[in-house]
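Text of the file input_7.cif, holding mmCIF, C-alpha atoms:
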```cif
data_data
loop_
_atom_site.label_atom_id
_atom_site.label_comp_id
_atom_site.auth_asym_id
_atom_site.auth_seq_id
_atom_site.Cartn_x
_atom_site.Cartn_y
_atom_site.Cartn_z
CA MET T 572 19.12 5.46 10.27
CA PRO T 573 16.30 7.86 9.35
CA SER T 574 13.15 7.71 11.45
CA ALA T 575 9.91 6.32 10.02
CA THR T 576 8.62 9.89 9.67
CA GLN T 577 11.77 11.09 7.87
CA SER T 578 11.69 8.12 5.48
CA ARG T 579 8.27 9.19 4.18
CA PRO T 580 8.21 11.66 1.26
CA TRP T 581 7.76 15.35 2.05
CA TYR T 582 4.19 15.34 0.73
CA ASP T 583 3.11 12.56 3.12
CA ARG T 584 4.65 13.33 6.51
CA PRO T 585 2.64 13.49 9.75
CA LEU T 586 2.42 16.84 11.50
CA PRO T 587 1.43 16.33 15.17
CA ILE T 588 -1.38 18.68 16.24
CA GLY T 589 -2.21 17.38 19.74
CA THR T 590 -4.35 14.71 21.36
CA VAL T 591 -8.05 13.90 21.51
CA ALA T 592 -9.24 11.84 24.50
CA GLY T 593 -5.59 10.97 25.13
CA VAL T 594 -5.03 9.74 21.56
CA PRO T 595 -2.20 11.42 19.59
CA VAL T 596 -3.44 13.09 16.39
CA ALA T 597 -1.39 14.11 13.37
CA VAL T 598 -2.27 15.70 10.04
CA SER T 599 -0.42 14.48 6.97
CA THR T 600 1.09 17.04 4.64
CA SER T 601 -0.93 15.30 1.92
CA TRP T 602 -4.09 16.54 3.64
CA VAL T 603 -2.84 20.13 3.32
CA LEU T 604 -2.33 19.61 -0.41
CA ILE T 605 -5.75 18.05 -0.94
CA THR T 606 -7.34 20.86 1.08
CA ILE T 607 -5.88 23.43 -1.28
CA ALA T 608 -7.16 21.41 -4.25
CA MET T 609 -10.62 21.10 -2.71
CA VAL T 610 -10.85 24.86 -2.12
CA ILE T 611 -9.94 25.50 -5.76
CA VAL T 612 -12.55 22.97 -6.96
CA PHE T 613 -15.40 23.84 -4.59
CA ALA T 614 -15.11 27.66 -4.58
CA PRO T 615 -16.74 27.97 -8.07
CA GLN T 616 -19.53 25.60 -6.96
CA VAL T 617 -20.15 27.77 -3.89
CA GLN T 618 -20.35 30.81 -6.15
CA ARG T 619 -22.92 29.06 -8.36
CA SER T 620 -25.03 28.26 -5.29
CA LEU T 621 -24.58 31.72 -3.75
CA PRO T 622 -23.93 34.10 -6.69
CA TYR T 623 -23.75 37.18 -4.48
CA LEU T 624 -20.54 35.98 -2.81
CA PRO T 625 -17.22 37.29 -4.14
CA TRP T 626 -14.62 34.65 -5.05
CA VAL T 627 -12.60 35.24 -1.86
CA SER T 628 -15.67 34.66 0.32
CA ALA T 629 -16.62 31.59 -1.74
CA ALA T 630 -13.10 30.25 -1.22
CA GLY T 631 -13.48 30.86 2.52
CA VAL T 632 -16.75 28.89 2.56
CA ALA T 633 -15.02 26.06 0.64
CA LEU T 634 -12.19 26.10 3.20
CA VAL T 635 -14.69 25.88 6.07
CA TYR T 636 -16.28 22.92 4.32
CA THR T 637 -12.92 21.11 4.09
CA LEU T 638 -12.45 21.72 7.83
CA ILE T 639 -15.93 20.33 8.54
CA LEU T 640 -15.02 17.27 6.49
CA ALA T 641 -11.74 16.91 8.38
CA VAL T 642 -13.56 17.10 11.73
CA SER T 643 -16.03 14.46 10.52
CA VAL T 644 -13.13 12.16 9.58
CA LEU T 645 -11.43 12.91 12.91
CA LEU T 646 -14.56 11.96 14.88
CA HIS T 647 -14.76 8.76 12.81
CA GLU T 648 -11.18 7.88 13.74
CA VAL T 649 -11.59 8.90 17.39
CA ALA T 650 -14.52 6.48 17.60
CA HIS T 651 -12.24 3.69 16.31
CA ALA T 652 -9.53 4.62 18.83
CA LEU T 653 -11.91 4.73 21.80
CA ALA T 654 -13.52 1.43 20.80
CA ALA T 655 -10.04 -0.13 20.49
CA ARG T 656 -9.21 1.15 23.97
CA ALA T 657 -12.49 -0.26 25.31
CA VAL T 658 -11.67 -3.78 24.08
CA GLY T 659 -8.17 -3.64 25.55
CA TRP T 660 -6.15 -2.64 22.48
CA THR T 661 -3.40 -0.11 23.10
CA GLY T 662 -1.15 2.41 21.39
CA SER T 663 -3.82 4.17 19.31
CA ARG T 664 -2.61 6.93 16.97
CA ILE T 665 -4.68 8.90 14.49
CA GLU T 666 -3.51 10.49 11.24
CA ILE T 667 -5.66 12.56 8.89
CA THR T 668 -4.38 11.93 5.36
CA LEU T 669 -5.02 12.44 1.67
CA TRP T 670 -7.38 9.44 1.69
CA GLY T 671 -9.32 10.60 4.75
CA GLY T 672 -7.63 9.15 7.82
CA HIS T 673 -6.56 6.03 9.66
CA THR T 674 -6.16 4.81 13.22
CA SER T 675 -3.25 2.60 14.26
CA PHE T 676 -3.23 0.47 17.40
CA GLU T 677 -1.81 -2.72 18.89
CA ALA T 678 -4.52 -5.38 18.58
CA GLU T 679 -3.81 -7.57 21.60
CA ARG T 680 -5.70 -10.89 21.68
CA PRO T 681 -7.85 -9.99 18.68
CA THR T 682 -11.17 -11.77 18.16
CA PRO T 683 -13.80 -11.46 15.42
CA GLY T 684 -16.18 -9.79 17.87
CA ARG T 685 -13.68 -7.15 18.99
CA SER T 686 -12.67 -6.43 15.42
CA LEU T 687 -16.32 -6.07 14.43
CA VAL T 688 -17.03 -3.59 17.23
CA VAL T 689 -14.00 -1.44 16.41
CA SER T 690 -14.90 -1.46 12.71
CA LEU T 691 -18.56 -0.53 13.14
CA VAL T 692 -18.26 2.48 15.42
CA GLY T 693 -16.51 4.73 12.88
CA PRO T 694 -19.20 4.64 10.16
CA ALA T 695 -21.88 4.67 12.88
CA VAL T 696 -20.61 8.03 14.16
CA ASN T 697 -20.78 9.59 10.68
CA LEU T 698 -24.26 8.21 10.00
CA VAL T 699 -25.48 9.54 13.36
CA LEU T 700 -23.97 12.96 12.64
CA GLY T 701 -25.63 12.99 9.24
CA GLY T 702 -28.97 12.03 10.81
CA LEU T 703 -28.66 14.76 13.45
CA GLY T 704 -27.84 17.24 10.70
CA LEU T 705 -30.98 16.26 8.78
CA ALA T 706 -33.08 16.74 11.93
CA LEU T 707 -31.46 20.15 12.51
CA GLN T 708 -32.07 21.16 8.91
CA HIS T 709 -35.74 20.15 9.20
CA ALA T 710 -36.20 22.11 12.43
CA TRP T 711 -34.12 25.19 11.50
CA SER T 712 -34.27 25.42 7.67
CA PRO T 713 -31.27 27.75 7.41
CA PHE T 714 -30.42 29.55 4.18
CA GLY T 715 -27.41 31.29 2.73
CA VAL T 716 -23.94 30.29 3.90
CA PRO T 717 -25.13 28.47 7.08
CA GLY T 718 -27.66 26.48 5.06
CA LEU T 719 -25.06 25.53 2.43
CA LEU T 720 -22.49 24.46 5.04
CA LEU T 721 -25.09 22.43 6.94
CA TYR T 722 -26.18 20.75 3.71
CA MET T 723 -22.58 19.94 2.77
CA GLY T 724 -21.83 18.67 6.29
CA ILE T 725 -24.90 16.40 6.29
CA TRP T 726 -24.16 14.73 3.00
CA SER T 727 -20.44 14.54 3.66
CA ASN T 728 -21.05 12.58 6.86
CA LEU T 729 -23.65 10.34 5.21
CA ALA T 730 -21.25 9.74 2.29
CA VAL T 731 -18.27 9.00 4.58
CA GLY T 732 -20.37 6.60 6.67
CA ALA T 733 -21.88 4.79 3.68
CA PHE T 734 -18.61 4.67 1.74
CA ASN T 735 -16.73 3.15 4.66
CA LEU T 736 -19.32 0.37 4.89
CA LEU T 737 -18.50 -0.86 1.38
CA PRO T 738 -17.33 -4.49 1.71
CA GLY T 739 -13.68 -4.21 0.78
CA LEU T 740 -10.44 -3.71 2.66
CA PRO T 741 -9.04 -1.35 3.77
CA LEU T 742 -12.51 0.13 4.39
CA ASP T 743 -14.44 -0.62 7.58
CA GLY T 744 -16.89 -2.68 5.55
CA GLY T 745 -13.96 -4.86 4.54
CA ARG T 746 -13.10 -5.31 8.22
CA ILE T 747 -16.70 -6.36 8.81
CA VAL T 748 -16.39 -8.97 6.02
CA GLU T 749 -13.08 -10.06 7.54
CA SER T 750 -14.66 -10.48 10.97
CA ALA T 751 -17.58 -12.49 9.58
CA ALA T 752 -15.33 -14.81 7.55
CA TRP T 753 -12.96 -15.10 10.51
CA LYS T 754 -15.82 -16.15 12.76
CA ALA T 755 -17.14 -18.63 10.19
CA THR T 756 -13.78 -20.28 9.41
CA GLY T 757 -11.96 -19.81 12.72
CA SER T 758 -9.02 -18.30 10.82
CA GLU T 759 -8.15 -14.61 10.82
CA ALA T 760 -6.01 -15.21 7.73
CA ARG T 761 -8.94 -16.64 5.77
CA GLY T 762 -11.03 -13.67 6.88
CA THR T 763 -8.41 -11.24 5.58
CA ILE T 764 -8.19 -13.08 2.26
CA ALA T 765 -11.98 -13.08 1.91
CA ALA T 766 -12.10 -9.34 2.57
CA GLY T 767 -9.29 -8.74 0.07
CA TRP T 768 -11.21 -10.57 -2.65
CA ALA T 769 -14.36 -8.66 -1.70
CA GLY T 770 -12.46 -5.42 -2.27
CA ARG T 771 -11.28 -6.53 -5.70
CA VAL T 772 -14.79 -7.64 -6.69
CA LEU T 773 -16.09 -4.25 -5.52
CA VAL T 774 -13.60 -2.41 -7.75
CA VAL T 775 -14.40 -4.61 -10.76
CA LEU T 776 -18.14 -4.03 -10.29
CA ALA T 777 -17.62 -0.27 -9.97
CA VAL T 778 -15.58 -0.18 -13.19
CA ALA T 779 -18.21 -2.30 -14.96
CA VAL T 780 -20.97 0.12 -13.87
CA LEU T 781 -18.96 3.10 -15.13
CA VAL T 782 -18.27 1.42 -18.47
CA TRP T 783 -21.97 0.48 -18.82
CA ARG T 784 -22.97 4.08 -18.08
CA VAL T 785 -20.60 5.46 -20.70
CA LEU T 786 -21.75 2.95 -23.31
CA SER T 787 -25.47 3.40 -22.57
CA THR T 788 -25.45 7.22 -22.41
CA ARG T 789 -22.68 7.71 -25.00
CA GLU T 790 -21.31 10.42 -22.76
CA GLY T 791 -17.75 10.40 -21.54
CA LEU T 792 -16.67 10.98 -17.97
CA GLY T 793 -15.37 14.42 -17.15
CA LEU T 794 -11.82 14.98 -15.94
CA PHE T 795 -13.02 15.76 -12.41
CA THR T 796 -15.13 12.58 -12.28
CA LEU T 797 -12.21 10.49 -13.53
CA ALA T 798 -9.95 12.01 -10.88
CA ILE T 799 -12.47 11.19 -8.12
CA VAL T 800 -12.90 7.64 -9.45
CA ALA T 801 -9.13 7.16 -9.50
CA LEU T 802 -8.76 8.55 -5.97
CA VAL T 803 -11.34 6.04 -4.75
CA LEU T 804 -10.77 2.90 -6.81
CA VAL T 805 -6.96 2.84 -7.02
CA PRO T 806 -6.48 2.76 -3.21
CA LEU T 807 -9.24 0.14 -2.95
CA TRP T 808 -7.52 -2.09 -5.51
CA THR T 809 -4.04 -1.70 -4.01
CA GLY T 810 -5.47 -2.13 -0.49
CA ALA T 811 -7.19 -5.33 -1.56
CA GLY T 812 -3.93 -6.62 -3.02
CA ALA T 813 -2.06 -5.79 0.17
CA SER T 814 -4.76 -7.57 2.18
CA LEU T 815 -4.41 -10.70 0.07
CA ARG T 816 -0.65 -10.72 0.57
CA HIS T 817 -1.06 -10.12 4.30
CA GLY T 818 -3.65 -12.88 4.54
CA ARG T 819 -1.37 -15.38 2.84
CA LEU T 820 1.49 -14.47 5.16
CA ARG T 821 -0.81 -14.84 8.15
CA ARG T 822 -1.92 -18.29 6.95
CA ARG T 823 1.70 -19.38 7.04
CA LEU T 824 2.00 -17.81 10.47
CA GLU T 825 -1.06 -19.71 11.73
CA ALA T 826 0.36 -22.99 10.42
CA MET T 827 3.81 -22.45 11.92
CA ARG T 828 4.83 -24.34 15.08
CA ALA T 829 7.91 -23.97 17.22
CA SER T 830 8.62 -27.71 17.05
CA GLU T 831 9.04 -27.49 13.26
CA LEU T 832 11.74 -24.79 13.30
CA LEU T 833 14.09 -26.14 15.95
CA ARG T 834 17.82 -25.72 15.67
CA PRO T 835 20.15 -27.65 17.99
CA VAL T 836 21.34 -26.09 21.24
CA ALA T 837 24.15 -27.15 23.52
CA LEU T 838 23.16 -27.81 27.13
CA LEU T 839 25.72 -27.33 29.88
CA PRO T 840 25.42 -27.56 33.67
CA VAL T 841 25.30 -24.21 35.42
CA GLY T 842 28.84 -24.64 36.83
CA ALA T 843 30.50 -25.13 33.45
CA PRO T 844 33.36 -22.73 32.63
CA VAL T 845 33.42 -20.25 29.77
CA ALA T 846 35.91 -22.49 27.96
CA ALA T 847 33.30 -25.25 27.78
CA ALA T 848 30.77 -22.80 26.32
CA VAL T 849 33.29 -21.80 23.67
CA ALA T 850 33.99 -25.46 22.87
CA ALA T 851 30.25 -26.05 22.62
CA GLY T 852 29.99 -23.37 19.94
CA VAL T 853 28.61 -20.38 21.80
CA LEU T 854 30.27 -18.00 19.37
CA THR T 855 28.32 -19.44 16.44
CA GLY T 856 25.30 -21.11 18.02
CA THR T 857 23.17 -21.23 21.17
CA VAL T 858 24.45 -22.51 24.52
CA VAL T 859 22.10 -22.90 27.47
CA LEU T 860 22.98 -23.48 31.10
CA THR T 861 20.60 -25.58 33.16
CA ARG T 862 19.89 -24.85 36.81
CA PRO T 863 18.17 -27.99 38.20
CA ALA T 864 18.13 -26.70 41.77
CA ALA T 865 17.04 -23.12 41.11
CA GLY T 866 15.01 -23.98 38.06
CA GLY T 867 14.93 -22.05 34.80
CA LEU T 868 17.54 -21.58 32.12
CA LEU T 869 20.48 -19.27 31.52
CA ARG T 870 21.45 -18.17 28.02
CA VAL T 871 25.19 -17.70 27.46
CA MET T 872 25.74 -14.43 25.60
CA PRO T 873 28.44 -14.46 22.92
CA GLN T 874 29.23 -10.78 23.52
CA ALA T 875 29.97 -11.47 27.18
CA VAL T 876 32.12 -14.48 26.28
CA HIS T 877 34.20 -12.31 23.94
CA ALA T 878 34.89 -10.00 26.87
CA VAL T 879 36.52 -12.82 28.92
CA PRO T 880 40.28 -13.12 28.18
CA GLU T 881 41.23 -16.53 26.78
CA ALA T 882 43.62 -17.14 29.65
CA LEU T 883 40.75 -16.84 32.16
CA ARG T 884 38.08 -18.78 30.30
CA ALA T 885 38.93 -22.16 31.87
CA GLY T 886 38.45 -20.81 35.38
CA THR T 887 35.56 -18.40 34.81
CA PRO T 888 32.04 -19.83 35.30
CA ALA T 889 29.95 -19.48 32.17
CA SER T 890 27.12 -18.25 34.39
CA GLN T 891 29.01 -14.95 34.65
CA ALA T 892 28.60 -14.54 30.89
CA ALA T 893 24.94 -15.57 30.87
CA VAL T 894 21.56 -13.95 31.46
CA PRO T 895 18.30 -15.50 32.65
CA ALA T 896 16.14 -16.63 29.75
CA ASP T 897 13.03 -14.59 30.48
CA ASP T 898 9.58 -16.08 29.93
CA GLY T 899 9.04 -13.97 26.82
CA ALA T 900 11.89 -15.76 25.04
CA VAL T 901 11.00 -19.28 26.22
CA LEU T 902 8.11 -21.15 24.63
CA GLY T 903 6.70 -24.65 24.64
CA THR T 904 6.94 -26.98 21.67
CA ASP T 905 3.23 -26.45 20.96
CA ALA T 906 3.54 -22.64 20.72
CA ASP T 907 1.61 -21.27 17.76
CA GLY T 908 3.05 -19.08 15.04
CA ASP T 909 1.74 -15.81 16.45
CA ALA T 910 3.33 -16.37 19.86
CA LEU T 911 6.54 -17.57 18.21
CA ALA T 912 6.78 -14.53 15.93
CA ARG T 913 6.13 -12.09 18.79
CA ALA T 914 8.75 -13.76 20.97
CA ALA T 915 11.33 -13.86 18.17
CA LEU T 916 10.84 -10.19 17.33
CA ALA T 917 11.00 -9.15 21.00
CA SER T 918 14.03 -11.30 21.87
CA VAL T 919 17.22 -9.28 22.40
CA SER T 920 19.37 -12.12 21.05
CA GLY T 921 16.99 -12.91 18.19
CA THR T 922 16.58 -16.47 19.46
CA VAL T 923 13.68 -18.17 21.23
CA LEU T 924 14.36 -21.17 23.47
CA VAL T 925 11.88 -24.04 23.18
CA VAL T 926 11.18 -26.32 26.15
CA ASP T 927 9.16 -29.50 26.59
CA THR T 928 6.50 -30.13 29.21
CA ALA T 929 9.19 -30.96 31.77
CA GLY T 930 10.91 -27.60 31.22
CA THR T 931 13.91 -29.11 29.44
CA CYS T 932 15.29 -27.06 26.57
CA VAL T 933 14.93 -29.09 23.38
CA GLY T 934 16.14 -26.53 20.86
CA ALA T 935 16.04 -22.93 19.72
CA VAL T 936 14.28 -20.98 16.99
CA SER T 937 16.01 -18.02 15.38
CA ARG T 938 14.30 -14.85 14.26
CA GLU T 939 15.63 -15.40 10.74
CA ASP T 940 13.99 -18.84 10.55
CA VAL T 941 10.66 -17.41 11.71
CA ILE T 942 10.78 -14.72 9.02
CA ALA T 943 11.79 -17.29 6.39
CA ALA T 944 8.90 -19.57 7.40
CA VAL T 945 6.37 -16.74 7.20
CA GLU T 946 7.71 -15.77 3.79
CA GLY T 947 7.56 -19.40 2.65
CA ARG T 948 11.30 -19.98 2.26
CA VAL T 949 12.29 -22.24 5.18
CA GLU T 950 15.96 -23.19 4.89
CA GLY T 951 18.81 -24.56 6.96
CA GLU T 952 19.36 -27.45 9.29
CA ARG T 953 16.79 -28.53 11.82
CA GLY T 954 17.63 -30.66 14.81
CA ARG T 955 17.15 -31.34 18.45
CA VAL T 956 19.21 -30.64 21.50
CA ALA T 957 22.88 -31.60 21.30
CA PRO T 958 24.40 -31.91 24.80
CA ALA T 959 27.95 -30.61 24.77
CA PRO T 960 30.75 -32.69 26.31
CA HIS T 961 32.15 -31.35 29.57
CA PRO T 962 34.99 -33.16 31.39
CA GLY T 963 34.17 -34.43 34.86
CA ARG T 964 30.36 -33.84 34.68
CA ASN T 965 27.38 -35.82 33.50
CA HIS T 966 25.52 -34.57 30.47
CA PRO T 967 22.20 -33.03 31.56
CA GLN T 968 19.14 -34.95 30.49
#
```

Could you render the structure as structure tokens?
Amino acid sequence: MPSATQSRPWYDRPLPIGTVAGVPVAVSTSWVLITIAMVIVFAPQVQRSLPYLPWVSAAGVALVYTLILAVSVLLHEVAHALAARAVGWTGSRIEITLWGGHTSFEAERPTPGRSLVVSLVGPAVNLVLGGLGLALQHAWSPFGVPGLLLYMGIWSNLAVGAFNLLPGLPLDGGRIVESAAWKATGSEARGTIAAGWAGRVLVVLAVAVLVWRVLSTREGLGLFTLAIVALVLVPLWTGAGASLRHGRLRRRLEAMRASELLRPVALLPVGAPVAAAVAAGVLTGTVVLTRPAAGGLLRVMPQAVHAVPEALRAGTPASQAAVPADDGAVLGTDADGDALARAALASVSGTVLVVDTAGTCVGAVSREDVIAAVEGRVEGERGRVAPAPHPGRNHPQ
């Protein structure tokens, strides 16, 4: 199977460039393409501001500006990554892309407060940089190329900071709306849906303002302006749609309970032979061995059962074809959807055992059923534990 990087198109593949504060950083090939486009667009503007520069020098100034912008975006993302680390979230990775950049991390035990902190620090860094640049400009008053680059750096940082505070996902402002709605409703899913709608309202308002401007001034929008508008509004609209879909899936996840997705399991005493596990349906279902003395459960593995010759199955203990059911794949009947989904995805067998308050296995939940429930298409039988018959032994209770 191709890797995640190889499955992405050639114009949007990450190119690792190192680490910052221990966080891996990559530059997307799309950023290289947009950098070339920005140099072509901004070089004539540099020449208009500094007419004495030849085109090659103007292009060099435009390239330096794109690098300043990239560093500003990188500092924005590094702030997110360090804030995520500070609140206990792990696995941060940064990628600078066509749309600016993004930071990925594992949000462990997320809360509205932690999400708010991580969302705020990125725009805050850009606004602080812009403010420091204004103070430097006031104190130094540079001219020529340094003055132009400082001016462009100041307003780029202020623009990046302000733009990211707009209240729509996937922008940081949308995360702030999500955190506020999450805190107010107690549901992360409702917060995500609220932020998704905020993003769509933002796009509709922006389009309405543009249409009003065209109608009131009777002047059309230039090709460059239309391109910038498309680069901004299209990702906002698609991001808002993705957020709405994600929020609806998460609502199903929040409502899901392990007790509602149970499939029957066969319980056998720990001394039962492999033949009894086969008779109980281990090759097509879930068979669990109970260990009253030692405590805990053993899961009989179908692959291991297949490896036992049929002639030896009656005399081979099923425990030799079983593995301990680790805590990550055993949940209580009151386990919420998030814990259930994490356990199902992490389970080697794709099955989560469900136990009652006494530690007795009452059923199993398959990874497929969890996915179906999240997608809103729950199917199949549901049942409780079905003790399997075993000659000469009492059925475990």

(-8.9, -11.4, -4.9) in this file's frame - what residues fall within 10 Å of it? Use only C-alpha atoms and give the answer as JSON, numbers by chain.
{"T": [764, 765, 766, 767, 768, 769, 770, 771, 772, 808, 811, 812, 814, 815, 816]}

Which residues match the PyMOL selection byres ((chain T and resi 945) around 6) in the file above, as a list in words?
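Residues picked by the PyMOL selection byres ((chain T and resi 945) around 6): Leu820, Arg823, Leu824, Ile942, Ala943, Ala944, Glu946 and Gly947 of chain T.
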
Excluding Gly704 (chain T) and any residue of its chain fewer than 4 positions from it, enumerate the residues within 7 Å of it, using all atoms listed in the file, and give them as a ChimeraX atom specification.
/T:700,708,721,725

I'd like the residues picked by the PyMOL selection byres ((chain T and resi 727) around 9) written out as a PyMOL selection string, using the chain letters and numbers from the file.
chain T and resi 639-640+643+697+701+722-726+728-732

Which residues of region 627-700 of chain T come within 8 Å of region 741-746 of chain T, and for each one, what is the closest pair of atoms and their distance in Å to one decimal, counting all atoms listed in the file, sorted by chain and residue number, as a tab-separated table?
```
residue	atom	partner	partner_atom	distance
T:Ser686	CA	T:Arg746	CA	7.3
T:Leu687	CA	T:Arg746	CA	7.0
T:Ser690	CA	T:Asp743	CA	5.2
T:Leu691	CA	T:Asp743	CA	6.9
T:Gly693	CA	T:Asp743	CA	7.8
T:Pro694	CA	T:Asp743	CA	7.5
```

Env of region 653-659 of chain T: 7 Å cut, atoms = all atoms listed in the file, seq-sep filter 2 positions within chain, self excluded. Answer as number ranges by chain.
T: 649-651, 661, 685, 689

Please, could you write that set of residues out with C-alpha atoms as a PDB file, in the coordinates of the input?
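The resulting file, out_37.pdb, is reproduced below:
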```pdb
ATOM      1  CA  VAL T 649     -11.590   8.900  17.390  1.00  0.00           C
ATOM      2  CA  ALA T 650     -14.520   6.480  17.600  1.00  0.00           C
ATOM      3  CA  HIS T 651     -12.240   3.690  16.310  1.00  0.00           C
ATOM      4  CA  THR T 661      -3.400  -0.110  23.100  1.00  0.00           C
ATOM      5  CA  ARG T 685     -13.680  -7.150  18.990  1.00  0.00           C
ATOM      6  CA  VAL T 689     -14.000  -1.440  16.410  1.00  0.00           C
TER       7      VAL T 689
END
```

Quick one: contact table of region 573-640 of chain T to region 673-684 of chain T, 12 Å max, nearest atom pair and distance in Å to one decimal per residue, counting only C-alpha atoms, chain and number order, as a Markdown table?
```
| residue | atom | partner | partner_atom | distance |
| --- | --- | --- | --- | --- |
| T:Pro585 | CA | T:His673 | CA | 11.8 |
| T:Val594 | CA | T:Thr674 | CA | 9.8 |
| T:Pro595 | CA | T:Thr674 | CA | 10.0 |
| T:Val596 | CA | T:Thr674 | CA | 9.3 |
| T:Ala597 | CA | T:His673 | CA | 10.3 |
| T:Val598 | CA | T:His673 | CA | 10.6 |
| T:Ser599 | CA | T:His673 | CA | 10.8 |
```

Matched chain/residue IDs from the PyMOL selection byres ((chain T and resi 602) around 10), as a PyMOL selection string:
chain T and resi 582-585+598-601+603-608+637+641+666-672

Measuring between only C-alpha atoms, which one of T:Leu868, T:Ala813, T:Ala896, T:Val785 shows the shortest distance to Thr763 (chain T)?
T:Ala813

Determine, counting all atoms listed in the file, which protein, DNA and RNA residues have an atom within 10 Å of an atom of Val800 (chain T); residues of the same chain fewer than 4 positions away are not included. Present the result as an MDAnalysis selection string.
chainID T and resid 777:778 781 792 794:796 804:805

Write the residues you've just listed into a file as a CSV table (one decimal), in the frame of the given file, and include C-alpha atoms for each of them.
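Wrote it out as out14.csv, contents follow:
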```
chain,number,residue,atom,x,y,z
T,777,ALA,CA,-17.6,-0.3,-10.0
T,778,VAL,CA,-15.6,-0.2,-13.2
T,781,LEU,CA,-19.0,3.1,-15.1
T,792,LEU,CA,-16.7,11.0,-18.0
T,794,LEU,CA,-11.8,15.0,-15.9
T,795,PHE,CA,-13.0,15.8,-12.4
T,796,THR,CA,-15.1,12.6,-12.3
T,804,LEU,CA,-10.8,2.9,-6.8
T,805,VAL,CA,-7.0,2.8,-7.0
```

Selection: 10 Å around Gln616 (chain T), all atoms listed in the file, excl. self and same-chain fewer than 6 positions, as a list in words
Val610, Pro622, Ala629, Ala630 and Ala633 of chain T
